[in-house]
file coords.cif (mmCIF, C-alpha atoms and all ligand atoms)
data_upload
#
loop_
_atom_site.group_PDB
_atom_site.id
_atom_site.type_symbol
_atom_site.label_atom_id
_atom_site.label_comp_id
_atom_site.auth_asym_id
_atom_site.auth_seq_id
_atom_site.Cartn_x
_atom_site.Cartn_y
_atom_site.Cartn_z
ATOM 1 C CA MET F 14 20.081 -0.953 -64.224
ATOM 2 C CA THR F 15 17.418 1.778 -64.304
ATOM 3 C CA LEU F 16 17.776 4.237 -61.462
ATOM 4 C CA PRO F 17 14.786 3.999 -59.096
ATOM 5 C CA VAL F 18 12.835 7.247 -58.753
ATOM 6 C CA ALA F 19 10.885 8.477 -55.741
ATOM 7 C CA THR F 20 8.390 11.229 -56.529
ATOM 8 C CA THR F 21 6.918 11.649 -53.043
ATOM 9 C CA VAL F 22 8.480 12.446 -49.693
ATOM 10 C CA THR F 23 6.842 9.315 -48.260
ATOM 11 C CA ALA F 24 8.540 7.072 -50.845
ATOM 12 C CA LEU F 25 11.860 8.884 -50.380
ATOM 13 C CA ARG F 26 11.752 8.384 -46.622
ATOM 14 C CA ALA F 27 10.732 4.713 -46.941
ATOM 15 C CA THR F 28 13.837 3.953 -49.028
ATOM 16 C CA ILE F 29 16.095 5.929 -46.695
ATOM 17 C CA ALA F 30 14.603 4.140 -43.654
ATOM 18 C CA SER F 31 15.447 0.759 -45.223
ATOM 19 C CA TRP F 32 19.049 1.917 -45.769
ATOM 20 C CA ARG F 33 19.254 3.199 -42.200
ATOM 21 C CA ARG F 34 18.125 -0.214 -40.897
ATOM 22 C CA GLU F 35 21.180 -1.659 -42.675
ATOM 23 C CA GLY F 36 23.381 0.962 -40.999
ATOM 24 C CA LEU F 37 24.257 2.698 -44.289
ATOM 25 C CA ARG F 38 25.414 6.321 -44.609
ATOM 26 C CA VAL F 39 23.373 8.492 -46.948
ATOM 27 C CA GLY F 40 24.607 11.310 -49.209
ATOM 28 C CA LEU F 41 22.401 13.856 -50.991
ATOM 29 C CA VAL F 42 23.171 15.723 -54.220
ATOM 30 C CA PRO F 43 20.532 18.410 -54.893
ATOM 31 C CA THR F 44 20.242 19.440 -58.563
ATOM 32 C CA MET F 45 17.780 21.025 -60.949
ATOM 33 C CA GLY F 46 18.498 18.306 -63.522
ATOM 34 C CA ALA F 47 19.972 18.805 -67.019
ATOM 35 C CA LEU F 48 22.876 16.898 -65.533
ATOM 36 C CA HIS F 49 26.393 17.386 -66.859
ATOM 37 C CA GLU F 50 29.832 16.219 -65.801
ATOM 38 C CA GLY F 51 29.844 18.805 -62.976
ATOM 39 C CA HIS F 52 26.788 17.187 -61.355
ATOM 40 C CA LEU F 53 28.151 13.704 -61.937
ATOM 41 C CA SER F 54 31.331 14.680 -60.092
ATOM 42 C CA LEU F 55 29.116 15.692 -57.123
ATOM 43 C CA ILE F 56 27.581 12.200 -57.133
ATOM 44 C CA ARG F 57 31.055 10.613 -57.124
ATOM 45 C CA HIS F 58 32.073 12.990 -54.341
ATOM 46 C CA ALA F 59 29.045 11.962 -52.256
ATOM 47 C CA LEU F 60 29.875 8.287 -52.763
ATOM 48 C CA ARG F 61 33.310 8.850 -51.216
ATOM 49 C CA LYS F 62 31.533 9.961 -48.028
ATOM 50 C CA ALA F 63 28.413 7.783 -48.022
ATOM 51 C CA ASP F 64 27.253 4.280 -48.948
ATOM 52 C CA ARG F 65 24.143 5.468 -50.755
ATOM 53 C CA CYS F 66 23.657 8.552 -52.921
ATOM 54 C CA ILE F 67 20.359 10.267 -53.679
ATOM 55 C CA VAL F 68 20.301 12.794 -56.499
ATOM 56 C CA THR F 69 17.396 15.210 -56.353
ATOM 57 C CA ILE F 70 16.042 16.555 -59.630
ATOM 58 C CA PHE F 71 13.699 19.495 -59.160
ATOM 59 C CA VAL F 72 13.528 22.739 -61.124
ATOM 60 C CA ASN F 73 12.694 24.921 -58.146
ATOM 61 C CA PRO F 74 10.241 27.669 -59.159
ATOM 62 C CA THR F 75 10.785 29.781 -56.022
ATOM 63 C CA GLN F 76 14.371 30.633 -56.992
ATOM 64 C CA PHE F 77 13.420 32.093 -60.393
ATOM 65 C CA ALA F 78 12.252 35.697 -60.759
ATOM 66 C CA PRO F 79 9.232 36.168 -63.081
ATOM 67 C CA THR F 80 11.609 37.566 -65.742
ATOM 68 C CA GLU F 81 13.971 34.567 -65.572
ATOM 69 C CA ASP F 82 14.231 31.297 -67.494
ATOM 70 C CA LEU F 83 11.990 28.946 -65.453
ATOM 71 C CA ASP F 84 9.950 27.918 -68.516
ATOM 72 C CA LYS F 85 12.869 27.327 -70.826
ATOM 73 C CA TYR F 86 15.170 25.750 -68.186
ATOM 74 C CA PRO F 87 16.251 22.415 -69.741
ATOM 75 C CA ARG F 88 14.263 19.402 -68.492
ATOM 76 C CA GLN F 89 15.436 15.932 -69.515
ATOM 77 C CA LEU F 90 14.510 13.481 -66.779
ATOM 78 C CA ALA F 91 15.067 10.210 -68.700
ATOM 79 C CA ARG F 92 18.576 11.267 -69.729
ATOM 80 C CA ASP F 93 19.329 12.522 -66.205
ATOM 81 C CA LEU F 94 18.305 9.180 -64.700
ATOM 82 C CA ASP F 95 20.625 7.300 -67.080
ATOM 83 C CA LEU F 96 23.555 9.604 -66.310
ATOM 84 C CA ALA F 97 23.016 9.609 -62.539
ATOM 85 C CA GLY F 98 22.583 5.817 -62.465
ATOM 86 C CA ALA F 99 25.737 5.279 -64.522
ATOM 87 C CA SER F 100 27.632 7.527 -62.078
ATOM 88 C CA GLY F 101 26.640 5.348 -59.137
ATOM 89 C CA ALA F 102 23.597 7.130 -57.663
ATOM 90 C CA HIS F 103 21.175 4.768 -55.925
ATOM 91 C CA LEU F 104 17.962 6.800 -56.027
ATOM 92 C CA ALA F 105 16.571 9.882 -57.745
ATOM 93 C CA PHE F 106 14.108 12.102 -55.926
ATOM 94 C CA ALA F 107 12.067 13.924 -58.586
ATOM 95 C CA PRO F 108 9.045 15.473 -56.870
ATOM 96 C CA SER F 109 6.359 17.517 -58.617
ATOM 97 C CA VAL F 110 5.937 21.205 -57.832
ATOM 98 C CA GLY F 111 2.746 20.286 -55.929
ATOM 99 C CA GLU F 112 4.626 17.765 -53.775
ATOM 100 C CA MET F 113 7.183 20.397 -52.762
ATOM 101 C CA TYR F 114 4.858 23.400 -52.600
ATOM 102 C CA PRO F 115 1.244 22.441 -51.912
ATOM 103 C CA ASP F 116 -1.313 25.224 -52.479
ATOM 104 C CA ASP F 117 -1.280 26.277 -48.818
ATOM 105 C CA PHE F 118 2.546 26.430 -48.600
ATOM 106 C CA ALA F 119 3.374 29.579 -46.591
ATOM 107 C CA THR F 120 6.985 29.365 -45.387
ATOM 108 C CA ARG F 121 10.195 30.953 -46.635
ATOM 109 C CA VAL F 122 13.749 30.542 -45.332
ATOM 110 C CA LYS F 123 15.691 33.810 -45.496
ATOM 111 C CA VAL F 124 19.435 33.883 -44.806
ATOM 112 C CA ALA F 125 21.383 37.121 -44.189
ATOM 113 C CA GLY F 126 25.198 37.050 -43.729
ATOM 114 C CA PRO F 127 26.686 35.364 -46.817
ATOM 115 C CA ALA F 128 23.481 35.913 -48.818
ATOM 116 C CA LEU F 129 23.929 39.700 -48.703
ATOM 117 C CA GLY F 130 25.258 41.419 -51.826
ATOM 118 C CA LEU F 131 26.716 39.811 -54.994
ATOM 119 C CA GLU F 132 23.906 37.618 -56.441
ATOM 120 C CA THR F 133 21.303 39.187 -54.147
ATOM 121 C CA ASP F 134 21.982 42.659 -55.585
ATOM 122 C CA PHE F 135 20.815 41.377 -58.977
ATOM 123 C CA ARG F 136 18.483 38.484 -58.046
ATOM 124 C CA PRO F 137 16.853 39.674 -54.798
ATOM 125 C CA ALA F 138 14.620 36.629 -54.235
ATOM 126 C CA PHE F 139 17.082 33.989 -55.430
ATOM 127 C CA PHE F 140 18.620 32.846 -52.154
ATOM 128 C CA GLU F 141 15.278 32.818 -50.380
ATOM 129 C CA GLY F 142 14.092 30.295 -52.978
ATOM 130 C CA VAL F 143 17.292 28.265 -52.784
ATOM 131 C CA ALA F 144 17.364 28.305 -48.977
ATOM 132 C CA THR F 145 13.713 27.266 -48.786
ATOM 133 C CA VAL F 146 14.031 24.325 -51.164
ATOM 134 C CA VAL F 147 17.384 23.143 -49.789
ATOM 135 C CA THR F 148 16.075 23.272 -46.214
ATOM 136 C CA LYS F 149 13.112 21.166 -47.320
ATOM 137 C CA LEU F 150 15.312 18.657 -49.159
ATOM 138 C CA LEU F 151 17.671 18.331 -46.172
ATOM 139 C CA LEU F 152 14.785 17.788 -43.762
ATOM 140 C CA GLN F 153 12.983 15.409 -46.125
ATOM 141 C CA ALA F 154 16.039 13.165 -46.533
ATOM 142 C CA LEU F 155 18.045 13.899 -43.349
ATOM 143 C CA PRO F 156 21.234 12.726 -45.092
ATOM 144 C CA ASP F 157 24.625 12.366 -43.407
ATOM 145 C CA CYS F 158 26.171 14.645 -46.011
ATOM 146 C CA ALA F 159 25.039 16.854 -48.884
ATOM 147 C CA VAL F 160 27.305 17.922 -51.725
ATOM 148 C CA PHE F 161 27.093 21.225 -53.641
ATOM 149 C CA GLY F 162 29.326 22.596 -56.389
ATOM 150 C CA GLU F 163 31.785 25.413 -55.702
ATOM 151 C CA LYS F 164 30.687 26.808 -59.057
ATOM 152 C CA ASP F 165 27.807 28.421 -57.117
ATOM 153 C CA TYR F 166 30.151 29.591 -54.383
ATOM 154 C CA GLN F 167 27.859 32.094 -52.688
ATOM 155 C CA GLN F 168 25.079 29.492 -52.707
ATOM 156 C CA LEU F 169 27.429 27.011 -51.003
ATOM 157 C CA CYS F 170 28.233 29.588 -48.281
ATOM 158 C CA VAL F 171 24.524 30.338 -47.808
ATOM 159 C CA ILE F 172 23.663 26.640 -47.481
ATOM 160 C CA ARG F 173 26.492 26.053 -44.979
ATOM 161 C CA ARG F 174 25.168 28.942 -42.919
ATOM 162 C CA LEU F 175 21.538 27.818 -42.982
ATOM 163 C CA ALA F 176 22.394 24.227 -42.037
ATOM 164 C CA GLY F 177 24.522 25.521 -39.147
ATOM 165 C CA ASP F 178 22.032 28.149 -37.994
ATOM 166 C CA LEU F 179 19.068 25.761 -38.127
ATOM 167 C CA ASP F 180 21.002 22.888 -36.466
ATOM 168 C CA ILE F 181 20.304 20.548 -39.366
ATOM 169 C CA PRO F 182 22.570 17.574 -38.616
ATOM 170 C CA VAL F 183 24.243 17.264 -42.009
ATOM 171 C CA GLU F 184 27.780 17.770 -43.271
ATOM 172 C CA ILE F 185 27.687 20.268 -46.159
ATOM 173 C CA THR F 186 30.533 19.606 -48.580
ATOM 174 C CA GLY F 187 31.693 21.753 -51.497
ATOM 175 C CA ALA F 188 33.096 20.041 -54.573
ATOM 176 C CA PRO F 189 35.475 21.722 -57.047
ATOM 177 C CA THR F 190 34.092 23.275 -60.233
ATOM 178 C CA VAL F 191 34.394 21.069 -63.310
ATOM 179 C CA ARG F 192 35.621 22.979 -66.376
ATOM 180 C CA ASP F 193 36.057 22.268 -70.055
ATOM 181 C CA ALA F 194 39.555 22.113 -71.522
ATOM 182 C CA PHE F 195 39.507 25.924 -71.951
ATOM 183 C CA GLY F 196 38.456 26.744 -68.401
ATOM 184 C CA LEU F 197 34.721 27.292 -68.958
ATOM 185 C CA ALA F 198 32.815 26.164 -65.856
ATOM 186 C CA LEU F 199 30.247 23.514 -66.807
ATOM 187 C CA SER F 200 26.683 24.766 -66.307
ATOM 188 C CA SER F 201 23.271 23.653 -67.514
ATOM 189 C CA ARG F 202 22.827 27.199 -68.841
ATOM 190 C CA ASN F 203 25.817 26.784 -71.212
ATOM 191 C CA ALA F 204 23.269 24.980 -73.415
ATOM 192 C CA TYR F 205 21.857 28.429 -74.255
ATOM 193 C CA LEU F 206 25.180 29.604 -75.773
ATOM 194 C CA SER F 207 26.024 29.660 -79.486
ATOM 195 C CA VAL F 208 29.396 28.370 -80.684
ATOM 196 C CA ASP F 209 30.726 31.955 -80.911
ATOM 197 C CA GLN F 210 29.431 32.782 -77.451
ATOM 198 C CA ILE F 211 31.218 29.757 -75.987
ATOM 199 C CA ASP F 212 34.530 31.237 -77.188
ATOM 200 C CA VAL F 213 33.713 34.449 -75.340
ATOM 201 C CA ALA F 214 32.411 32.568 -72.269
ATOM 202 C CA ARG F 215 35.790 30.860 -71.936
ATOM 203 C CA GLN F 216 37.381 34.276 -71.354
ATOM 204 C CA LEU F 217 35.545 34.634 -68.048
ATOM 205 C CA ASN F 218 37.764 32.161 -66.242
ATOM 206 C CA ALA F 219 40.918 33.406 -67.981
ATOM 207 C CA ILE F 220 40.188 36.994 -66.876
ATOM 208 C CA LEU F 221 39.430 35.869 -63.330
ATOM 209 C CA ARG F 222 42.728 33.982 -63.184
ATOM 210 C CA GLU F 223 44.676 37.057 -64.365
ATOM 211 C CA THR F 224 42.856 39.190 -61.787
ATOM 212 C CA ALA F 225 43.502 36.724 -58.952
ATOM 213 C CA THR F 226 47.201 36.743 -59.827
ATOM 214 C CA ARG F 227 47.268 40.568 -59.737
ATOM 215 C CA LEU F 228 45.499 40.602 -56.369
ATOM 216 C CA ALA F 229 47.800 37.951 -54.902
ATOM 217 C CA GLN F 230 50.761 40.068 -56.048
ATOM 218 C CA GLY F 231 49.414 42.995 -54.041
ATOM 219 C CA ALA F 232 47.693 45.067 -56.783
ATOM 220 C CA ASP F 233 45.220 47.712 -55.626
ATOM 221 C CA THR F 234 41.898 45.841 -55.262
ATOM 222 C CA ASP F 235 39.622 48.455 -56.888
ATOM 223 C CA GLU F 236 42.016 48.933 -59.793
ATOM 224 C CA ALA F 237 42.345 45.171 -60.393
ATOM 225 C CA LEU F 238 38.549 44.753 -60.364
ATOM 226 C CA ASP F 239 38.084 47.714 -62.743
ATOM 227 C CA ILE F 240 40.560 46.132 -65.177
ATOM 228 C CA ALA F 241 38.696 42.812 -64.924
ATOM 229 C CA ARG F 242 35.362 44.519 -65.721
ATOM 230 C CA ALA F 243 36.882 46.330 -68.711
ATOM 231 C CA ASP F 244 38.525 43.098 -69.945
ATOM 232 C CA LEU F 245 35.194 41.225 -69.771
ATOM 233 C CA LEU F 246 33.432 43.911 -71.822
ATOM 234 C CA ALA F 247 36.318 43.980 -74.307
ATOM 235 C CA ALA F 248 36.121 40.176 -74.620
ATOM 236 C CA GLY F 249 32.490 40.442 -75.757
ATOM 237 C CA PHE F 250 30.358 40.203 -72.594
ATOM 238 C CA ARG F 251 27.290 42.448 -72.952
ATOM 239 C CA SER F 252 27.400 43.646 -69.338
ATOM 240 C CA VAL F 253 28.975 42.770 -66.025
ATOM 241 C CA ASP F 254 26.781 42.442 -62.925
ATOM 242 C CA TYR F 255 29.752 42.218 -60.579
ATOM 243 C CA VAL F 256 33.385 41.269 -60.205
ATOM 244 C CA ALA F 257 34.224 41.223 -56.513
ATOM 245 C CA VAL F 258 36.659 39.714 -54.082
ATOM 246 C CA ARG F 259 35.422 38.549 -50.690
ATOM 247 C CA ASP F 260 36.677 36.583 -47.717
ATOM 248 C CA ALA F 261 36.576 32.937 -48.806
ATOM 249 C CA ASP F 262 34.949 31.648 -45.599
ATOM 250 C CA VAL F 263 32.108 34.025 -44.904
ATOM 251 C CA LEU F 264 32.068 36.332 -47.941
ATOM 252 C CA ALA F 265 32.777 39.346 -45.708
ATOM 253 C CA PRO F 266 34.977 42.161 -47.074
ATOM 254 C CA TRP F 267 38.370 40.752 -47.998
ATOM 255 C CA SER F 268 41.647 41.413 -46.234
ATOM 256 C CA SER F 269 44.592 40.461 -48.433
ATOM 257 C CA LYS F 270 46.121 38.580 -45.494
ATOM 258 C CA ARG F 271 43.347 35.997 -45.700
ATOM 259 C CA GLU F 272 42.264 33.545 -48.385
ATOM 260 C CA GLY F 273 39.892 35.359 -50.727
ATOM 261 C CA ARG F 274 37.367 34.347 -53.351
ATOM 262 C CA LEU F 275 37.057 36.268 -56.606
ATOM 263 C CA LEU F 276 33.488 36.057 -57.925
ATOM 264 C CA ALA F 277 31.899 37.365 -61.111
ATOM 265 C CA ALA F 278 28.593 37.408 -62.964
ATOM 266 C CA ALA F 279 28.346 38.664 -66.530
ATOM 267 C CA TRP F 280 25.878 38.562 -69.407
ATOM 268 C CA LEU F 281 26.513 37.055 -72.790
ATOM 269 C CA GLY F 282 23.498 37.863 -74.955
ATOM 270 C CA GLN F 283 20.507 36.669 -72.914
ATOM 271 C CA THR F 284 22.582 34.248 -70.819
ATOM 272 C CA ARG F 285 23.995 35.127 -67.420
ATOM 273 C CA LEU F 286 27.206 33.311 -66.479
ATOM 274 C CA ILE F 287 28.845 33.120 -63.051
ATOM 275 C CA ASP F 288 32.249 31.865 -62.000
ATOM 276 C CA ASN F 289 34.654 32.172 -59.079
ATOM 277 C CA ILE F 290 38.181 31.185 -58.125
ATOM 278 C CA PRO F 291 40.361 31.323 -55.006
ATOM 279 C CA VAL F 292 42.699 34.234 -54.292
ATOM 280 C CA PRO F 293 45.648 33.167 -52.137
ATOM 281 C CA PRO F 294 46.592 35.494 -49.257
ATOM 282 C CA ALA F 295 49.226 38.088 -50.319
HETATM 283 O O1 LIG F 301 22.442 24.723 -57.660
HETATM 284 C C1 LIG F 301 21.319 24.300 -58.005
HETATM 285 O O2 LIG F 301 21.169 23.534 -58.950
HETATM 286 C C2 LIG F 301 20.091 24.744 -57.220
HETATM 287 O O3 LIG F 301 20.205 26.067 -56.809
HETATM 288 C C3 LIG F 301 19.765 23.811 -56.033
HETATM 289 C C4 LIG F 301 20.854 23.850 -54.970
HETATM 290 C C5 LIG F 301 19.569 22.394 -56.523
HETATM 291 C C6 LIG F 301 18.463 24.277 -55.370
HETATM 292 O O4 LIG F 301 17.403 24.256 -56.270
#
call {"tool": "encode", "arguments": {"input": "coords.cif", "output": "structure tokens"}}
result
Amino acid sequence: MTLPVATTVTALRATIASWRREGLRVGLVPTMGALHEGHLSLIRHALRKADRCIVTIFVNPTQFAPTEDLDKYPRQLARDLDLAGASGAHLAFAPSVGEMYPDDFATRVKVAGPALGLETDFRPAFFEGVATVVTKLLLQALPDCAVFGEKDYQQLCVIRRLAGDLDIPVEITGAPTVRDAFGLALSSRNAYLSVDQIDVARQLNAILRETATRLAQGADTDEALDIARADLLAAGFRSVDYVAVRDADVLAPWSSKREGRLLAAAWLGQTRLIDNIPVPPA
């Protein structure tokens, strides 16, 4: 069956209201489309918590810097609808840019705390764009739960914080990163990589796993992170934006007695890859 699509907030809310009248629980999976197995796992995750799942498909311009890949970001709505429908989604919300940001749109949501550092050091406006669009999507749909991938771990922490701080009555759930057989985290941006680059990209997770093991065994943090940076460059990454370990809950500085999260962003040619993995307490 073809997945129904709402393109306006009014149509989205009308469908949700009919589900609410039946007493159904609603789950939301925000995406920018170009769906892959990682997104489809978020849909399945949502369906374990809710009776109905809405997948949103919107390439959000406010989270791209002028120098970034907004224009070339893959757009494949028909394919996305087939994949989302086959994974059990009940509705797609695919608004236009004008529906989300009318000409007189004048509001931005800015989160501090977990949004500070890491991605923000390299993409200063990114989380403002993400926080603004996610706040809108949550308020448009008012779902019982919303599912985001741990692949974008800092984003997940930022969204948890904004939903809590703004008293948006939704359960924010993180779902594990889906990887290929060689550990590469699935990402829509992997489509930009050549076959040779994919071999290099797979080293990112391997190097993070070695580093997490060193940290869990009590290695000096700065030394372990320096080795990771050098290993990434030696593997063929063009440059490394960051390799850092933070407290897993709030992304504050890490104490080795607590669960940590090791996060990295590195460039392969013109493509920027991110990944992260847990670091068990020492
Ligand atoms: O992770 C993404 O795909 C996007 O940042 C999100 C959460 C859908 C907001 O545009």
call {"tool": "residues_near_ligand", "arguments": {"input": "coords.cif", "ligand": "ligand LIG 301 (chain F)", "cutoff": "7 Å", "atoms": "all atoms listed in the file", "output": "JSON, numbers by chain"}}
result
{"F": [43, 44, 45, 71, 72, 73, 143, 146, 147, 161, 165]}
call {"tool": "atom_distance", "arguments": {"input": "coords.cif", "atom1": "atom CA of Ser54 of chain F", "atom2": "atom CA of Glu184 of chain F"}}
result
17.5 Å
call {"tool": "atom_distance", "arguments": {"input": "coords.cif", "atom1": "atom CA of Arg34 of chain F", "atom2": "atom CA of Ala59 of chain F"}}
result
19.9 Å
call {"tool": "resolve_selection", "arguments": {"input": "coords.cif", "expression": "the PyMOL selection byres (((chain F and resi 26) around 12) and not hetatm)", "output": "ChimeraX atom specification"}}
result
/F:19-25,27-33,39,67,104,106,150-156
call {"tool": "atom_distance", "arguments": {"input": "coords.cif", "atom1": "atom CA of Cys158 of chain F", "atom2": "atom CA of Arg57 of chain F"}}
result
12.8 Å
call {"tool": "closest_atom_pairs", "arguments": {"input": "coords.cif", "of": "segment 177-265 of chain F", "to": "segment 47-52 of chain F", "cutoff": "10 Å", "atoms": "only C-alpha atoms", "output": "tab-separated table"}}
result
residue	atom	partner	partner_atom	distance
F:Ala188	CA	F:Gly51	CA	9.1
F:Pro189	CA	F:Gly51	CA	8.7
F:Thr190	CA	F:Gly51	CA	6.7
F:Val191	CA	F:Gly51	CA	5.1
F:Arg192	CA	F:Gly51	CA	7.9
F:Asp193	CA	F:Glu50	CA	9.7
F:Ala198	CA	F:Gly51	CA	8.4
F:Leu199	CA	F:Gly51	CA	6.1
F:Ser200	CA	F:His49	CA	7.4
F:Ser201	CA	F:Ala47	CA	5.9
F:Arg202	CA	F:Ala47	CA	9.1
F:Ala204	CA	F:Ala47	CA	9.5
